[in-house]
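As provided, query16.cif (mmCIF, C-alpha atoms) reads as follows.
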```
data_work
#
loop_
_atom_site.label_atom_id
_atom_site.label_comp_id
_atom_site.auth_asym_id
_atom_site.auth_seq_id
_atom_site.Cartn_x
_atom_site.Cartn_y
_atom_site.Cartn_z
CA MET A 1 -73.78 75.45 -59.93
CA LYS A 2 -70.84 77.88 -59.91
CA VAL A 3 -72.19 79.57 -63.05
CA GLN A 4 -75.63 79.98 -61.44
CA VAL A 5 -74.17 81.39 -58.24
CA PHE A 6 -71.96 83.79 -60.19
CA ALA A 7 -74.90 84.92 -62.32
CA ALA A 8 -77.08 85.59 -59.28
CA ALA A 9 -74.31 87.59 -57.65
CA ALA A 10 -73.74 89.65 -60.78
CA VAL A 11 -77.46 90.42 -61.09
CA ALA A 12 -77.51 91.52 -57.46
CA VAL A 13 -74.58 93.84 -58.07
CA VAL A 14 -76.28 95.43 -61.08
CA LEU A 15 -79.58 95.94 -59.25
CA GLY A 16 -77.87 97.08 -56.09
CA SER A 17 -75.80 99.69 -57.86
CA ALA A 18 -78.91 101.07 -59.57
CA ALA A 19 -80.80 101.59 -56.30
CA SER A 20 -78.08 102.37 -53.79
CA ALA A 21 -79.65 105.50 -52.34
CA ALA A 22 -79.84 105.55 -48.55
CA THR A 23 -82.65 106.88 -46.42
CA VAL A 24 -82.15 109.42 -43.66
CA THR A 25 -81.06 108.13 -40.25
CA ASN A 26 -83.31 108.99 -37.29
CA GLY A 27 -85.76 111.12 -39.23
CA ASP A 28 -88.23 111.45 -36.35
CA PHE A 29 -85.57 112.30 -33.72
CA ASP A 30 -86.87 109.68 -31.31
CA ASP A 31 -83.23 108.65 -30.94
CA GLY A 32 -82.20 112.17 -30.03
CA LEU A 33 -79.79 113.70 -32.53
CA ASN A 34 -78.09 110.41 -33.35
CA GLY A 35 -76.95 110.34 -36.98
CA TRP A 36 -76.97 114.13 -37.30
CA THR A 37 -74.20 116.71 -37.24
CA VAL A 38 -75.00 119.71 -35.04
CA THR A 39 -73.65 123.18 -35.82
CA GLY A 40 -75.00 125.78 -33.39
CA ASP A 41 -77.91 125.68 -30.93
CA ILE A 42 -79.91 122.53 -31.68
CA SER A 43 -81.84 120.29 -29.29
CA VAL A 44 -84.64 117.73 -29.22
CA VAL A 45 -87.97 118.75 -27.66
CA ASP A 46 -91.34 117.10 -27.13
CA ALA A 47 -94.89 118.42 -26.95
CA THR A 48 -94.19 120.29 -23.70
CA PHE A 49 -92.33 122.86 -25.82
CA GLY A 50 -95.72 124.14 -26.97
CA VAL A 51 -95.96 122.34 -30.31
CA ALA A 52 -96.71 118.64 -30.73
CA PRO A 53 -94.37 116.55 -32.94
CA THR A 54 -95.86 115.26 -36.18
CA SER A 55 -94.13 111.87 -35.85
CA GLY A 56 -93.13 109.98 -32.72
CA LEU A 57 -92.43 111.74 -29.44
CA ASN A 58 -89.70 114.22 -30.39
CA GLN A 59 -88.80 116.94 -32.86
CA ALA A 60 -85.61 118.86 -33.57
CA LEU A 61 -85.45 122.51 -32.47
CA ILE A 62 -82.92 124.70 -34.31
CA THR A 63 -82.42 128.27 -33.05
CA THR A 64 -80.25 131.29 -33.77
CA ASP A 65 -79.17 131.52 -30.12
CA THR A 66 -75.50 131.03 -31.00
CA VAL A 67 -72.33 132.99 -31.70
CA LEU A 68 -71.73 131.20 -35.00
CA THR A 69 -71.43 133.34 -38.11
CA ASP A 70 -72.84 132.82 -41.59
CA ALA A 71 -69.39 131.58 -42.64
CA ASP A 72 -69.65 128.79 -40.04
CA LEU A 73 -73.03 127.73 -41.41
CA GLN A 74 -71.80 127.72 -45.00
CA THR A 75 -68.78 125.61 -44.05
CA ALA A 76 -71.02 123.04 -42.32
CA LEU A 77 -73.19 122.82 -45.43
CA GLY A 78 -70.28 122.69 -47.84
CA ALA A 79 -71.69 125.84 -49.47
CA GLY A 80 -69.81 128.75 -50.95
CA LEU A 81 -68.90 131.81 -48.93
CA GLY A 82 -71.45 134.57 -49.39
CA SER A 83 -74.12 132.14 -50.53
CA LEU A 84 -76.36 132.70 -47.48
CA ASP A 85 -76.30 136.47 -47.92
CA ALA A 86 -77.20 136.02 -51.58
CA PHE A 87 -80.04 133.66 -50.71
CA SER A 88 -81.39 136.00 -48.05
CA ALA A 89 -81.25 138.96 -50.43
CA ALA A 90 -83.04 137.01 -53.16
CA THR A 91 -85.90 135.90 -50.89
CA ASN A 92 -86.55 139.10 -48.92
CA THR A 93 -86.11 142.77 -49.80
CA ASP A 94 -84.75 143.36 -46.27
CA GLY A 95 -82.25 140.50 -46.61
CA GLY A 96 -78.62 140.25 -47.60
CA ASN A 97 -76.87 140.46 -44.23
CA VAL A 98 -77.03 137.09 -42.44
CA THR A 99 -75.40 137.52 -39.04
CA GLY A 100 -75.44 133.92 -37.79
CA GLY A 101 -77.61 130.93 -36.93
CA SER A 102 -77.52 127.14 -36.72
CA VAL A 103 -77.68 124.18 -39.12
CA LEU A 104 -78.47 120.49 -38.71
CA THR A 105 -76.86 118.31 -41.36
CA GLN A 106 -76.51 114.71 -42.48
CA THR A 107 -74.61 113.15 -45.38
CA ILE A 108 -76.68 110.70 -47.42
CA ASN A 109 -76.55 108.98 -50.80
CA THR A 110 -79.13 110.13 -53.32
CA ILE A 111 -80.23 109.27 -56.84
CA VAL A 112 -81.93 111.53 -59.36
CA GLY A 113 -85.68 111.46 -58.77
CA GLN A 114 -85.47 110.15 -55.22
CA SER A 115 -88.40 111.56 -53.24
CA PHE A 116 -87.83 113.25 -49.90
CA SER A 117 -90.19 114.97 -47.48
CA PHE A 118 -90.25 116.49 -44.02
CA ASP A 119 -92.42 118.61 -41.74
CA TYR A 120 -91.27 122.05 -40.59
CA ASN A 121 -92.48 124.93 -38.44
CA PHE A 122 -90.75 128.32 -38.63
CA LEU A 123 -90.65 130.07 -35.23
CA ASN A 124 -90.41 133.83 -35.58
CA GLY A 125 -88.79 135.81 -32.79
CA GLU A 126 -89.08 139.12 -34.60
CA GLY A 127 -92.29 141.00 -35.25
CA ASN A 128 -94.22 139.91 -38.31
CA ASN A 129 -92.99 141.76 -41.42
CA SER A 130 -89.98 142.98 -39.47
CA SER A 131 -87.11 144.64 -41.32
CA PHE A 132 -84.88 142.09 -39.53
CA ALA A 133 -85.79 139.33 -41.94
CA ASP A 134 -84.88 136.17 -39.99
CA GLY A 135 -85.57 133.02 -41.97
CA ALA A 136 -85.25 129.26 -42.26
CA PHE A 137 -84.16 126.99 -45.08
CA PHE A 138 -83.63 123.49 -46.40
CA TYR A 139 -80.36 122.78 -48.24
CA ALA A 140 -79.92 120.04 -50.86
CA ASP A 141 -78.22 119.59 -54.23
CA GLY A 142 -76.15 122.68 -53.42
CA THR A 143 -79.25 124.89 -53.26
CA TYR A 144 -81.10 126.74 -50.48
CA PHE A 145 -84.90 126.50 -50.30
CA LEU A 146 -86.85 128.98 -48.17
CA LEU A 147 -89.07 127.42 -45.50
CA GLY A 148 -90.25 130.61 -43.82
CA ASP A 149 -89.32 134.13 -42.76
CA VAL A 150 -90.82 137.17 -41.03
CA ASP A 151 -93.05 137.83 -44.06
CA SER A 152 -94.58 134.32 -44.23
CA PRO A 153 -98.38 134.65 -44.57
CA GLU A 154 -98.89 131.55 -42.40
CA LEU A 155 -97.47 133.24 -39.27
CA ASN A 156 -99.82 133.16 -36.28
CA THR A 157 -99.45 133.57 -32.52
CA SER A 158 -97.27 130.85 -31.01
CA ALA A 159 -97.70 128.92 -27.78
CA THR A 160 -93.90 128.59 -27.60
CA ILE A 161 -91.33 131.11 -26.36
CA PHE A 162 -91.33 132.70 -29.84
CA ASN A 163 -93.64 135.48 -30.99
CA SER A 164 -95.28 133.67 -33.87
CA GLU A 165 -95.04 130.49 -35.95
CA THR A 166 -96.12 129.16 -39.32
CA GLY A 167 -97.45 125.94 -37.84
CA TYR A 168 -96.26 122.64 -39.24
CA GLN A 169 -96.08 122.47 -43.03
CA THR A 170 -94.85 119.63 -45.28
CA PHE A 171 -92.05 120.12 -47.79
CA THR A 172 -91.56 117.57 -50.58
CA TYR A 173 -88.50 117.45 -52.80
CA ASN A 174 -87.04 115.25 -55.55
CA PHE A 175 -83.26 115.11 -55.67
CA THR A 176 -81.60 116.24 -58.89
CA THR A 177 -78.17 114.63 -58.42
CA THR A 178 -76.85 111.15 -57.80
CA GLY A 179 -74.14 110.48 -55.22
CA SER A 180 -73.14 111.42 -51.69
CA GLN A 181 -74.19 114.85 -50.53
CA ILE A 182 -74.91 116.97 -47.45
CA ILE A 183 -78.52 117.85 -46.72
CA GLY A 184 -79.25 120.48 -44.10
CA PHE A 185 -81.89 122.41 -42.19
CA GLY A 186 -81.09 125.85 -40.87
CA VAL A 187 -82.34 129.07 -39.34
CA PHE A 188 -80.58 132.43 -39.50
CA ASN A 189 -80.58 135.90 -37.99
CA GLU A 190 -80.77 138.75 -40.46
CA GLY A 191 -79.29 142.17 -39.71
CA ASP A 192 -78.89 141.72 -35.95
CA THR A 193 -78.25 139.16 -33.21
CA ALA A 194 -80.51 140.67 -30.53
CA VAL A 195 -83.66 138.62 -31.21
CA GLU A 196 -83.71 134.87 -31.79
CA SER A 197 -85.81 132.83 -34.22
CA GLY A 198 -86.14 129.06 -34.60
CA LEU A 199 -87.16 126.09 -36.71
CA LEU A 200 -88.84 122.81 -35.77
CA ILE A 201 -88.15 119.77 -37.99
CA ASP A 202 -89.82 116.34 -37.82
CA ASN A 203 -90.96 113.33 -39.84
CA ILE A 204 -88.10 113.30 -42.35
CA VAL A 205 -88.71 110.54 -44.90
CA GLY A 206 -86.40 109.64 -47.79
CA GLY A 207 -88.01 107.19 -50.21
CA VAL A 208 -86.19 105.82 -53.24
CA ALA A 209 -88.06 106.35 -56.49
CA PRO A 210 -88.83 103.21 -58.55
CA VAL A 211 -85.72 102.18 -60.45
CA PRO A 212 -86.15 100.55 -63.89
CA VAL A 213 -84.30 97.37 -64.72
CA PRO A 214 -80.91 98.38 -66.17
CA ALA A 215 -80.74 98.08 -69.92
CA ALA A 216 -77.66 95.85 -69.63
CA LEU A 217 -79.41 93.30 -67.41
CA PRO A 218 -81.11 91.25 -70.20
CA LEU A 219 -77.80 91.02 -72.07
CA LEU A 220 -76.08 89.96 -68.87
CA LEU A 221 -78.61 87.18 -68.24
CA THR A 222 -78.34 86.02 -71.85
CA ALA A 223 -74.57 85.79 -71.55
CA PHE A 224 -74.78 83.74 -68.37
CA GLY A 225 -77.38 81.50 -69.96
CA GLY A 226 -74.99 80.83 -72.81
CA LEU A 227 -72.20 79.95 -70.40
CA ALA A 228 -74.48 77.53 -68.59
CA ALA A 229 -75.44 75.84 -71.89
CA VAL A 230 -71.79 75.41 -72.86
CA ARG A 231 -71.08 73.88 -69.45
CA ARG A 232 -73.94 71.37 -69.88
CA ARG A 233 -72.73 70.34 -73.36
CA ARG A 234 -69.23 69.75 -72.03
CA LYS A 235 -70.59 67.48 -69.31
CA ALA A 236 -72.63 65.56 -71.89
#
```
Can the structure from this file be put into structure tokens for me?
Amino acid sequence: MKVQVFAAAAVAVVLGSAASAATVTNGDFDDGLNGWTVTGDISVVDATFGVAPTSGLNQALITTDTVLTDADLQTALGAGLGSLDAFSAATNTDGGNVTGGSVLTQTINTIVGQSFSFDYNFLNGEGNNSSFADGAFFYADGTYFLLGDVDSPELNTSATIFNSETGYQTFTYNFTTTGSQIIGFGVFNEGDTAVESGLLIDNIVGGVAPVPVPAALPLLLTAFGGLAAVRRRRKA
């Protein structure tokens, strides 16, 4: 019996270690901002804001209405200094001078190939195609991914306090690293701080990709089977 219990426990450890990735906490924001780290101007709003959530009753609203600098945002993300300016410059010809913004972050465990998706809506406070290239991003695996900016073709008139919006879009991503990491959603001002832009986030889902049986597992079971056989012979 002890051998069987030990074998079962060992198998559980092997399988557990292979699929130890955690899902995001409170991905629909129906529990407010619980589980999230707030850096800047971030709140939870419902459909009365002018846009209906895509999941549940609430959605996170991230705006640039803050005195935080790009250095503050990079620190919250664990990113290198100057990385936001470089990202902004690479994604827009009018970019390269991020003046501030806000980020919403959470630390999770990921495995290579783990699928992850969320819904987002970029809220543009500037004019469309403005030279003040405000934008929004998703941050994971140490990389920024553009969600929208003043040149986004999806921008249309908004029923919110902002000038225009992309409308909700879905972003899907597969993690490229295994381990604990910071994921983040952010919006930034570019070139000025006079006009604010925003980002709505909702329906964040982190699903673990199928994990194959570890190659060592058959050998492990064979070894435990041998131990059990020896134990039975000794009893006989």
Q) Once the PyMOL selection byres ((chain A and resi 134-139) around 6) has been applied to the shown file, what residues remain in the selection, as a list in words? A)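 Checked against the file, the PyMOL selection byres ((chain A and resi 134-139) around 6) matches Phe132, Ala133, Ala140, Thr143, Tyr144, Phe145, Leu146, Leu147, Gly148, Asp149, Ile183, Gly184, Phe185, Gly186, Val187, Phe188, Asn189 and Glu190 of chain A.
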Q.
Between CA of Gly56 in chain A and CA of Gly206 in chain A, what is the distance in Å, rounded to a tenth?
A. 16.5 Å
Q. Which residues match the PyMOL selection byres ((chain A and resi 65) around 12) in the file above, as a ChimeraX atom specification?
A. /A:39-43,61-64,66-69,99-103,125,187-189,192-199
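CA of Ser131 in chain A is found 14.7 Å from CA of Ala90 in chain A.
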Q. Any idea what's packed within 10 Å of Pro153 in chain A, counting only C-alpha atoms, ignoring anything in its chain fewer than 5 positions away? Could you give it as a PyMOL selection string?
A. chain A and resi 128-129+148+166
With C-alpha atoms retained, could you export that selection as a PDB file, in the coordinates of the input?
```pdb
ATOM      1  CA  ASN A 128     -94.220 139.910 -38.310  1.00  0.00           C
ATOM      2  CA  ASN A 129     -92.990 141.760 -41.420  1.00  0.00           C
ATOM      3  CA  GLY A 148     -90.250 130.610 -43.820  1.00  0.00           C
ATOM      4  CA  THR A 166     -96.120 129.160 -39.320  1.00  0.00           C
TER       5      THR A 166
END
```
(Q) So that I can check the surroundings of Gly142 in chain A, please list as a PyMOL selection string every protein, DNA and RNA residue that reaches within 10 Å of it, counting all atoms listed in the file and ignoring chain neighbours fewer than 3 positions away. (A) chain A and resi 77-80+139+177+181-183
File dump, residues just selected, C-alpha atoms, as a JSON list (two decimals), in the coordinates of the input:
```
[["chain", "number", "residue", "atom", "x", "y", "z"],
["A", 77, "LEU", "CA", -73.19, 122.82, -45.43],
["A", 78, "GLY", "CA", -70.28, 122.69, -47.84],
["A", 79, "ALA", "CA", -71.69, 125.84, -49.47],
["A", 80, "GLY", "CA", -69.81, 128.75, -50.95],
["A", 139, "TYR", "CA", -80.36, 122.78, -48.24],
["A", 177, "THR", "CA", -78.17, 114.63, -58.42],
["A", 181, "GLN", "CA", -74.19, 114.85, -50.53],
["A", 182, "ILE", "CA", -74.91, 116.97, -47.45],
["A", 183, "ILE", "CA", -78.52, 117.85, -46.72]]
```
Q) Can you list, as number ranges by chain, every protein, DNA or RNA residue that comes within 9 Å of range 117-121 of chain A when you count only C-alpha atoms, leaving out same-chain residues fewer than 3 positions away? A) A: 27, 54, 147-148, 165-174, 198-207
Q) So which one's closest to Thr105 in chain A, A:Thr75, A:Leu155, A:Ala52, A:Val150? Using all atoms listed in the file, please. A)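 For Thr105 in chain A, the nearest of the given residues is A:Thr75.
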Q) What gap, in Å, lies between CA of Gly35 in chain A and CA of Leu57 in chain A? A)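 Answer for the CA of Gly35 in chain A to CA of Leu57 in chain A separation: 17.3 Å.
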**Q.** Distance query Asn34 in chain A at most 12 Å, only C-alpha atoms, self and fewer than 3 positions along chain excluded, as a list in words
**A.** Val24, Thr25, Asn26, Gly27, Asp28, Phe29, Asp30, Asp31, Thr37, Val38, Ser43, Val44, Ala60, Leu104, Thr105 and Gln106 of chain A
Write the residues of the preceding selection, restricted to C-alpha atoms, as a short mmCIF file (atom, residue, chain, number, x, y, z; two decimals), in the frame of the given file.
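Output file out_37.cif follows:
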```cif
data_model
loop_
_atom_site.label_atom_id
_atom_site.label_comp_id
_atom_site.auth_asym_id
_atom_site.auth_seq_id
_atom_site.Cartn_x
_atom_site.Cartn_y
_atom_site.Cartn_z
CA VAL A 24 -82.15 109.42 -43.66
CA THR A 25 -81.06 108.13 -40.25
CA ASN A 26 -83.31 108.99 -37.29
CA GLY A 27 -85.76 111.12 -39.23
CA ASP A 28 -88.23 111.45 -36.35
CA PHE A 29 -85.57 112.30 -33.72
CA ASP A 30 -86.87 109.68 -31.31
CA ASP A 31 -83.23 108.65 -30.94
CA THR A 37 -74.20 116.71 -37.24
CA VAL A 38 -75.00 119.71 -35.04
CA SER A 43 -81.84 120.29 -29.29
CA VAL A 44 -84.64 117.73 -29.22
CA ALA A 60 -85.61 118.86 -33.57
CA LEU A 104 -78.47 120.49 -38.71
CA THR A 105 -76.86 118.31 -41.36
CA GLN A 106 -76.51 114.71 -42.48
#
```
**Q.** Residues returned when the PyMOL selection byres ((chain A and resi 176) around 8) runs on this file, as a list in words
**A.**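 Against this file, the PyMOL selection byres ((chain A and resi 176) around 8) returns the residues Ile111, Val112, Gly113, Asp141, Asn174, Phe175, Thr177 and Thr178 of chain A.
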If you keep C-alpha atoms, can you produce a file of those selected residues as a PDB file, keeping the file's coordinate frame?
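The new file selection_36.pdb reads:
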```
ATOM      1  CA  ILE A 111     -80.230 109.270 -56.840  1.00  0.00           C
ATOM      2  CA  VAL A 112     -81.930 111.530 -59.360  1.00  0.00           C
ATOM      3  CA  GLY A 113     -85.680 111.460 -58.770  1.00  0.00           C
ATOM      4  CA  ASP A 141     -78.220 119.590 -54.230  1.00  0.00           C
ATOM      5  CA  ASN A 174     -87.040 115.250 -55.550  1.00  0.00           C
ATOM      6  CA  PHE A 175     -83.260 115.110 -55.670  1.00  0.00           C
ATOM      7  CA  THR A 177     -78.170 114.630 -58.420  1.00  0.00           C
ATOM      8  CA  THR A 178     -76.850 111.150 -57.800  1.00  0.00           C
TER       9      THR A 178
END
```
Q: With a distance cut-off of 9 Å and all atoms listed in the file, select the neighbouring residues of Ile161 in chain A, excluding the residue or stretch itself and same-chain residues fewer than 3 positions from it, and output the selection as number ranges by chain.
A: A: 49-50, 123, 125, 158, 164
**Q.** Nearest candidate to Asn163 in chain A (options A:Asn97, A:Asn124, A:Gln74, A:Ser55; using all atoms listed in the file)
**A.** A:Asn124
